[in-house]
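First up is the structure itself, then whatever we jot down about it.
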Amino acid sequence: MEDDGVVTVYNNSAITDTKKKNSFSIKVQLAQMLRGGTIVEVINTEQAKIAEGAGACAIVVSESNQRGISRMPDPSLIKEIKRVVSVPVMAKVRVGHFVEGQIMEAIGVDYIDESEVLALSDDQNYINKHNFRVPFVAGCRGLGEALSRVREGAALIRIQGDVSGLGDIVETVRNVRSVMGNIRVLTNMDEDEVFAFAKKISAPYDLVAQTKQLGRLPVVQFAAGGIATPADAALIMQLGCDGVFIGSEIFTGSDSVRRVRAIIRAVMHYNDPHVLAETSCGVVDALARLNLNEDEGEQSENGGDQRN
């Protein structure tokens, strides 16, 4: 670590910001305030109010039009949502699009999510997050990618899974287990092996060494993708994440208020099977129904099941 950098304390350990004095320390602390919570994606003020009422620790605004090139949400929508809710508001920007980041910072969002779910604006470079006062969220699918995003200035890591919005959690579980498994391997390594491991996963050595010391990522780690039920959310938490993102597809169908509230409660009580059983009772899995209907439609189009 560079001697002239700013030291950030996390669980009695330190990471260094070499770019802006004190800024990264503040951003990491702001991200830690979200630990143990649920961040809900919304596309309008009605959904934002539902998420706040259900107990979301923050909301992330995305554009409602999913056709064509997906970009940052309309600033006027973010301003409108900020007027009607009191929880922190996060907004998505495209990977590498630092101007979208500047716009989001200018209108006063609390966090910026550099989201690979949106269309890419730069396929070679991520945003230099140290140039912003607002904390950034960044996605990953592995430990090396996570630590690279932290080096760029991400104060919260989002372990990303399925992005189809169909409630398939398998990719999310796979990626969370990959990150946590590599951390366990790293923790048990001899000090001399860390250099080679850092090179193998293409991650900064100092952050790899710090992760070994901490036994976890040096910033808050959430997970996203396919989390559609209280059991899904509790599973992700028990695997070692600090919180979850749930997509706006959770508002599909009837009784969305009950589903959102059930998932948020499951995150809060993820180690209590009795609470999880209670929250799971009567919760209609609209996403599962949607998948079933789509499968049936595909079978009809293909003339049905051809197996004997």
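Going by the structure tokens order, chains are called A, B, ..., each with residues numbered from 1, while ligands are numbered from 1 in the order shown.
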Quick one: residues within 6 Å of region 124-139 of chain A, only C-alpha atoms counted, chain neighbours fewer than 5 positions away excluded, as a list in words?
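The residues that qualify are Lys27, Val95, Gly96, Phe98, Tyr111, Ile112, Asp113, Glu114, Glu152, Gly153, Ala154, Ala155, Leu156, Ile157, Arg158, Ile159 and Gln160 of chain A.
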Filtering to N, CA, C and O atoms, could you give me those residues as an mmCIF file, in the first residue's frame?
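Result written to selection-v6.cif:
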```cif
data_model
loop_
_atom_site.group_PDB
_atom_site.id
_atom_site.type_symbol
_atom_site.label_atom_id
_atom_site.label_comp_id
_atom_site.auth_asym_id
_atom_site.auth_seq_id
_atom_site.Cartn_x
_atom_site.Cartn_y
_atom_site.Cartn_z
ATOM 1 N N LYS A 27 -17.090 6.897 2.000
ATOM 2 C CA LYS A 27 -17.911 6.067 1.119
ATOM 3 C C LYS A 27 -18.052 4.647 1.668
ATOM 4 O O LYS A 27 -19.137 4.053 1.605
ATOM 5 N N VAL A 95 -21.579 0.761 -17.534
ATOM 6 C CA VAL A 95 -20.167 0.518 -17.262
ATOM 7 C C VAL A 95 -19.314 1.461 -18.107
ATOM 8 O O VAL A 95 -19.485 1.557 -19.323
ATOM 9 N N GLY A 96 -18.414 2.181 -17.434
ATOM 10 C CA GLY A 96 -17.493 3.070 -18.128
ATOM 11 C C GLY A 96 -18.050 4.429 -18.478
ATOM 12 O O GLY A 96 -17.306 5.305 -18.944
ATOM 13 N N PHE A 98 -18.699 7.568 -17.372
ATOM 14 C CA PHE A 98 -18.482 8.462 -16.235
ATOM 15 C C PHE A 98 -19.345 9.706 -16.310
ATOM 16 O O PHE A 98 -19.626 10.345 -15.288
ATOM 17 N N TYR A 111 -26.201 6.730 -3.849
ATOM 18 C CA TYR A 111 -25.253 5.721 -4.313
ATOM 19 C C TYR A 111 -25.403 5.590 -5.826
ATOM 20 O O TYR A 111 -26.491 5.823 -6.370
ATOM 21 N N ILE A 112 -24.333 5.204 -6.498
ATOM 22 C CA ILE A 112 -24.365 4.957 -7.938
ATOM 23 C C ILE A 112 -23.970 3.509 -8.182
ATOM 24 O O ILE A 112 -22.969 3.033 -7.658
ATOM 25 N N ASP A 113 -24.776 2.815 -8.983
ATOM 26 C CA ASP A 113 -24.506 1.419 -9.334
ATOM 27 C C ASP A 113 -23.994 1.368 -10.764
ATOM 28 O O ASP A 113 -24.748 1.614 -11.712
ATOM 29 N N GLU A 114 -22.697 1.076 -10.929
ATOM 30 C CA GLU A 114 -22.147 0.894 -12.268
ATOM 31 C C GLU A 114 -22.525 -0.517 -12.707
ATOM 32 O O GLU A 114 -21.859 -1.495 -12.367
ATOM 33 N N GLU A 152 -10.716 0.174 -8.073
ATOM 34 C CA GLU A 152 -11.227 1.315 -8.842
ATOM 35 C C GLU A 152 -12.042 2.276 -7.987
ATOM 36 O O GLU A 152 -12.391 3.358 -8.438
ATOM 37 N N GLY A 153 -12.365 1.852 -6.746
ATOM 38 C CA GLY A 153 -13.086 2.742 -5.844
ATOM 39 C C GLY A 153 -14.471 2.300 -5.449
ATOM 40 O O GLY A 153 -15.209 3.069 -4.820
ATOM 41 N N ALA A 154 -14.861 1.063 -5.770
ATOM 42 C CA ALA A 154 -16.185 0.581 -5.371
ATOM 43 C C ALA A 154 -16.244 0.392 -3.867
ATOM 44 O O ALA A 154 -15.380 -0.247 -3.279
ATOM 45 N N ALA A 155 -17.280 0.927 -3.238
ATOM 46 C CA ALA A 155 -17.457 0.819 -1.793
ATOM 47 C C ALA A 155 -18.410 -0.302 -1.417
ATOM 48 O O ALA A 155 -18.547 -0.636 -0.242
ATOM 49 N N LEU A 156 -19.081 -0.884 -2.406
ATOM 50 C CA LEU A 156 -19.996 -2.003 -2.175
ATOM 51 C C LEU A 156 -19.912 -2.908 -3.390
ATOM 52 O O LEU A 156 -19.986 -2.429 -4.530
ATOM 53 N N ILE A 157 -19.731 -4.195 -3.160
ATOM 54 C CA ILE A 157 -19.652 -5.166 -4.246
ATOM 55 C C ILE A 157 -20.966 -5.923 -4.353
ATOM 56 O O ILE A 157 -21.519 -6.396 -3.361
ATOM 57 N N ARG A 158 -21.448 -6.038 -5.588
ATOM 58 C CA ARG A 158 -22.672 -6.788 -5.878
ATOM 59 C C ARG A 158 -22.278 -8.057 -6.638
ATOM 60 O O ARG A 158 -21.876 -7.993 -7.800
ATOM 61 N N ILE A 159 -22.367 -9.216 -5.983
ATOM 62 C CA ILE A 159 -22.078 -10.480 -6.649
ATOM 63 C C ILE A 159 -23.279 -10.801 -7.536
ATOM 64 O O ILE A 159 -24.374 -11.036 -7.041
ATOM 65 N N GLN A 160 -23.058 -10.764 -8.842
ATOM 66 C CA GLN A 160 -24.169 -10.804 -9.794
ATOM 67 C C GLN A 160 -24.445 -12.212 -10.286
ATOM 68 O O GLN A 160 -23.529 -12.977 -10.594
#
```
Under the rule of at most 7 Å, produce a per-residue listing of region 194-303 of chain A near region 47-54 of chain A: chain, number, name, the closest pair of atoms, and the distance in Å, as a tab-separated table, using only C-alpha atoms.
```
residue	atom	partner	partner_atom	distance
A:Val257	CA	A:Ile50	CA	6.3
A:Val260	CA	A:Ala54	CA	6.5
A:Arg261	CA	A:Ala54	CA	4.7
```
Which of region 31-200 of chain A counts as alpha helix (DSSP H) under DSSP, as a PyMOL selection string please?
chain A and resi 31-32+45-54+75-84+98-106+143-151+170-187+194-200
Residues at most 9 Å from Ile169 (chain A), counting only C-alpha atoms, excluding those fewer than 6 positions away in the same chain, as a PDB file with N, CA and C atoms, in the first residue's frame?
```pdb
ATOM      1  N   GLY A 161     -25.736 -12.535 -10.374  1.00  0.00           N
ATOM      2  CA  GLY A 161     -26.165 -13.806 -10.933  1.00  0.00           C
ATOM      3  C   GLY A 161     -27.008 -13.589 -12.163  1.00  0.00           C
ATOM      4  N   ASP A 162     -28.091 -14.314 -12.274  1.00  0.00           N
ATOM      5  CA  ASP A 162     -28.982 -14.262 -13.429  1.00  0.00           C
ATOM      6  C   ASP A 162     -29.565 -12.860 -13.611  1.00  0.00           C
ATOM      7  N   ALA A 224     -27.094 -10.299  -6.166  1.00  0.00           N
ATOM      8  CA  ALA A 224     -28.262  -9.934  -6.967  1.00  0.00           C
ATOM      9  C   ALA A 224     -28.482 -10.965  -8.054  1.00  0.00           C
ATOM     10  N   GLY A 225     -29.750 -11.120  -8.445  1.00  0.00           N
ATOM     11  CA  GLY A 225     -30.082 -11.990  -9.556  1.00  0.00           C
ATOM     12  C   GLY A 225     -30.851 -13.221  -9.145  1.00  0.00           C
ATOM     13  N   GLY A 226     -32.091 -13.314  -9.566  1.00  0.00           N
ATOM     14  CA  GLY A 226     -32.877 -14.517  -9.319  1.00  0.00           C
ATOM     15  C   GLY A 226     -33.414 -14.680  -7.923  1.00  0.00           C
ATOM     16  N   ILE A 227     -33.281 -13.689  -7.067  1.00  0.00           N
ATOM     17  CA  ILE A 227     -33.758 -13.784  -5.686  1.00  0.00           C
ATOM     18  C   ILE A 227     -35.240 -13.420  -5.678  1.00  0.00           C
ATOM     19  N   ALA A 228     -36.092 -14.447  -5.611  1.00  0.00           N
ATOM     20  CA  ALA A 228     -37.522 -14.241  -5.818  1.00  0.00           C
ATOM     21  C   ALA A 228     -38.390 -14.643  -4.641  1.00  0.00           C
ATOM     22  N   ASP A 232     -34.980 -17.893  -0.930  1.00  0.00           N
ATOM     23  CA  ASP A 232     -33.839 -17.479  -1.767  1.00  0.00           C
ATOM     24  C   ASP A 232     -32.980 -16.457  -1.040  1.00  0.00           C
TER      25      ASP A 232
END
```
Given only C-alpha atoms as the counted atoms, nearest of A:Glu116, A:Glu191, A:Asp110, A:Glu46 to Val84 (chain A)
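Closest to Val84 (chain A), using only C-alpha atoms: A:Glu46.
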Using CA of Gly37 (chain A) and CA of Leu120 (chain A) as the two end points, give the distance in Å to one decimal.
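Result for CA of Gly37 (chain A) versus CA of Leu120 (chain A): 28.1 Å, one decimal.
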Point-to-point distance in Å for CA of Cys241 (chain A) and CA of Leu186 (chain A):
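Separation of CA of Leu186 (chain A) and CA of Cys241 (chain A): 17.7 Å.
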I'd like to know which residues of region 115-245 of chain A are strand (DSSP E or B) (by DSSP, run on the backbone); could you write them as a short mmCIF file (atom, residue, chain, number, x, y, z; two decimals) with N, CA, C and O atoms, in the first residue's frame?
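After the write, out.cif holds the following:
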```
data_model
loop_
_atom_site.label_atom_id
_atom_site.label_comp_id
_atom_site.auth_asym_id
_atom_site.auth_seq_id
_atom_site.Cartn_x
_atom_site.Cartn_y
_atom_site.Cartn_z
N SER A 115 -23.60 -0.60 -13.48
CA SER A 115 -24.27 -1.87 -13.68
C SER A 115 -23.95 -2.49 -15.02
O SER A 115 -24.22 -1.91 -16.08
N PHE A 136 -19.90 4.16 -4.83
CA PHE A 136 -20.25 3.36 -6.00
C PHE A 136 -20.47 1.91 -5.62
O PHE A 136 -19.78 1.36 -4.75
N VAL A 137 -21.42 1.28 -6.31
CA VAL A 137 -21.63 -0.15 -6.27
C VAL A 137 -21.10 -0.72 -7.59
O VAL A 137 -21.29 -0.10 -8.64
N ALA A 138 -20.44 -1.86 -7.53
CA ALA A 138 -19.95 -2.50 -8.75
C ALA A 138 -20.18 -3.99 -8.68
O ALA A 138 -20.14 -4.59 -7.60
N GLY A 139 -20.41 -4.61 -9.82
CA GLY A 139 -20.72 -6.02 -9.86
C GLY A 139 -19.50 -6.89 -10.10
O GLY A 139 -18.46 -6.44 -10.59
N CYS A 140 -19.63 -8.16 -9.77
CA CYS A 140 -18.57 -9.14 -10.02
C CYS A 140 -19.18 -10.52 -10.11
O CYS A 140 -20.32 -10.75 -9.69
N ALA A 154 -14.86 1.06 -5.77
CA ALA A 154 -16.18 0.58 -5.37
C ALA A 154 -16.24 0.39 -3.87
O ALA A 154 -15.38 -0.25 -3.28
N ALA A 155 -17.28 0.93 -3.24
CA ALA A 155 -17.46 0.82 -1.79
C ALA A 155 -18.41 -0.30 -1.42
O ALA A 155 -18.55 -0.64 -0.24
N LEU A 156 -19.08 -0.88 -2.41
CA LEU A 156 -20.00 -2.00 -2.17
C LEU A 156 -19.91 -2.91 -3.39
O LEU A 156 -19.99 -2.43 -4.53
N ILE A 157 -19.73 -4.20 -3.16
CA ILE A 157 -19.65 -5.17 -4.25
C ILE A 157 -20.97 -5.92 -4.35
O ILE A 157 -21.52 -6.40 -3.36
N ARG A 158 -21.45 -6.04 -5.59
CA ARG A 158 -22.67 -6.79 -5.88
C ARG A 158 -22.28 -8.06 -6.64
O ARG A 158 -21.88 -7.99 -7.80
N ILE A 159 -22.37 -9.22 -5.98
CA ILE A 159 -22.08 -10.48 -6.65
C ILE A 159 -23.28 -10.80 -7.54
O ILE A 159 -24.37 -11.04 -7.04
N GLN A 160 -23.06 -10.76 -8.84
CA GLN A 160 -24.17 -10.80 -9.79
C GLN A 160 -24.45 -12.21 -10.29
O GLN A 160 -23.53 -12.98 -10.59
N VAL A 220 -18.39 -4.08 1.83
CA VAL A 220 -19.67 -4.77 1.96
C VAL A 220 -19.97 -5.56 0.69
O VAL A 220 -19.73 -5.09 -0.43
N GLN A 221 -20.51 -6.76 0.85
CA GLN A 221 -20.81 -7.62 -0.29
C GLN A 221 -22.28 -8.02 -0.30
O GLN A 221 -22.76 -8.66 0.62
N PHE A 222 -22.99 -7.63 -1.34
CA PHE A 222 -24.38 -8.01 -1.55
C PHE A 222 -24.42 -9.01 -2.71
O PHE A 222 -23.41 -9.28 -3.34
N ALA A 223 -25.60 -9.54 -3.00
CA ALA A 223 -25.77 -10.41 -4.16
C ALA A 223 -27.06 -10.04 -4.86
O ALA A 223 -28.00 -9.54 -4.24
N ALA A 224 -27.09 -10.30 -6.17
CA ALA A 224 -28.26 -9.93 -6.97
C ALA A 224 -28.48 -10.96 -8.05
O ALA A 224 -27.54 -11.60 -8.53
N GLY A 243 -26.19 -8.66 2.37
CA GLY A 243 -27.51 -8.17 1.98
C GLY A 243 -27.82 -8.62 0.57
O GLY A 243 -27.01 -9.28 -0.09
N VAL A 244 -29.01 -8.28 0.09
CA VAL A 244 -29.43 -8.71 -1.24
C VAL A 244 -30.06 -7.56 -2.01
O VAL A 244 -30.60 -6.62 -1.44
N PHE A 245 -29.98 -7.67 -3.33
CA PHE A 245 -30.76 -6.85 -4.24
C PHE A 245 -31.91 -7.70 -4.75
O PHE A 245 -31.72 -8.89 -5.07
#
```
So which one's closest to Asn175 (chain A), A:Leu143, A:Val163, A:Ile69, A:Leu235? Using only C-alpha atoms, please.
A:Leu143
Quick one: of A:Ile107, A:Val87, A:Gly167, A:Ile26, who's nearest to Ile250 (chain A), counting only C-alpha atoms?
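That would be A:Gly167, the residue with the smallest distance to Ile250 (chain A).
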Å distance separating CA of Ser256 (chain A) from CA of Val170 (chain A), one decimal place:
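That distance, rounded to one decimal, is 22.9 Å.
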Quick one: residues within 9 Å of Ile43 (chain A), only C-alpha atoms, excluding same-chain residues fewer than 4 positions away - as a PDB file with N, CA, C and O atoms, in the first residue's frame?
```
ATOM      1  N   GLN A  47     -43.793   1.981  -6.843  1.00  0.00           N
ATOM      2  CA  GLN A  47     -42.944   0.892  -6.361  1.00  0.00           C
ATOM      3  C   GLN A  47     -41.975   1.372  -5.294  1.00  0.00           C
ATOM      4  O   GLN A  47     -41.686   0.647  -4.336  1.00  0.00           O
ATOM      5  N   ALA A  48     -41.487   2.584  -5.436  1.00  0.00           N
ATOM      6  CA  ALA A  48     -40.568   3.141  -4.435  1.00  0.00           C
ATOM      7  C   ALA A  48     -41.253   3.251  -3.073  1.00  0.00           C
ATOM      8  O   ALA A  48     -40.655   2.929  -2.037  1.00  0.00           O
ATOM      9  N   VAL A  60     -33.056   1.160  -5.669  1.00  0.00           N
ATOM     10  CA  VAL A  60     -32.239   1.456  -6.838  1.00  0.00           C
ATOM     11  C   VAL A  60     -33.179   1.685  -8.013  1.00  0.00           C
ATOM     12  O   VAL A  60     -34.050   0.865  -8.296  1.00  0.00           O
ATOM     13  N   VAL A  61     -33.019   2.821  -8.655  1.00  0.00           N
ATOM     14  CA  VAL A  61     -33.915   3.225  -9.739  1.00  0.00           C
ATOM     15  C   VAL A  61     -33.325   2.774 -11.067  1.00  0.00           C
ATOM     16  O   VAL A  61     -32.138   2.973 -11.335  1.00  0.00           O
ATOM     17  N   SER A  62     -34.156   2.151 -11.893  1.00  0.00           N
ATOM     18  CA  SER A  62     -33.730   1.782 -13.238  1.00  0.00           C
ATOM     19  C   SER A  62     -34.798   2.230 -14.227  1.00  0.00           C
ATOM     20  O   SER A  62     -35.931   2.515 -13.844  1.00  0.00           O
ATOM     21  N   GLU A  63     -34.423   2.301 -15.506  1.00  0.00           N
ATOM     22  CA  GLU A  63     -35.384   2.757 -16.503  1.00  0.00           C
ATOM     23  C   GLU A  63     -36.405   1.670 -16.775  1.00  0.00           C
ATOM     24  O   GLU A  63     -36.098   0.469 -16.718  1.00  0.00           O
ATOM     25  N   SER A  64     -37.624   2.076 -17.081  1.00  0.00           N
ATOM     26  CA  SER A  64     -38.707   1.114 -17.281  1.00  0.00           C
ATOM     27  C   SER A  64     -38.684   0.505 -18.672  1.00  0.00           C
ATOM     28  O   SER A  64     -39.147  -0.612 -18.874  1.00  0.00           O
ATOM     29  N   PRO A  73     -31.438   5.853 -15.697  1.00  0.00           N
ATOM     30  CA  PRO A  73     -32.831   6.302 -15.624  1.00  0.00           C
ATOM     31  C   PRO A  73     -32.951   7.794 -15.849  1.00  0.00           C
ATOM     32  O   PRO A  73     -31.974   8.548 -15.711  1.00  0.00           O
ATOM     33  N   LEU A  77     -37.237  11.318 -13.091  1.00  0.00           N
ATOM     34  CA  LEU A  77     -37.834  10.238 -12.306  1.00  0.00           C
ATOM     35  C   LEU A  77     -37.126  10.103 -10.966  1.00  0.00           C
ATOM     36  O   LEU A  77     -37.776   9.931  -9.925  1.00  0.00           O
ATOM     37  N   SER A 248     -36.963  -5.445 -10.004  1.00  0.00           N
ATOM     38  CA  SER A 248     -38.304  -4.863 -10.109  1.00  0.00           C
ATOM     39  C   SER A 248     -39.339  -5.878 -10.553  1.00  0.00           C
ATOM     40  O   SER A 248     -40.542  -5.642 -10.418  1.00  0.00           O
TER      41      SER A 248
END
```
My list of candidates is A:Met33, A:Thr211, A:Val185, A:Gly55. Which is closest to Ile263 (chain A) when distances are computed with only C-alpha atoms?
A:Gly55
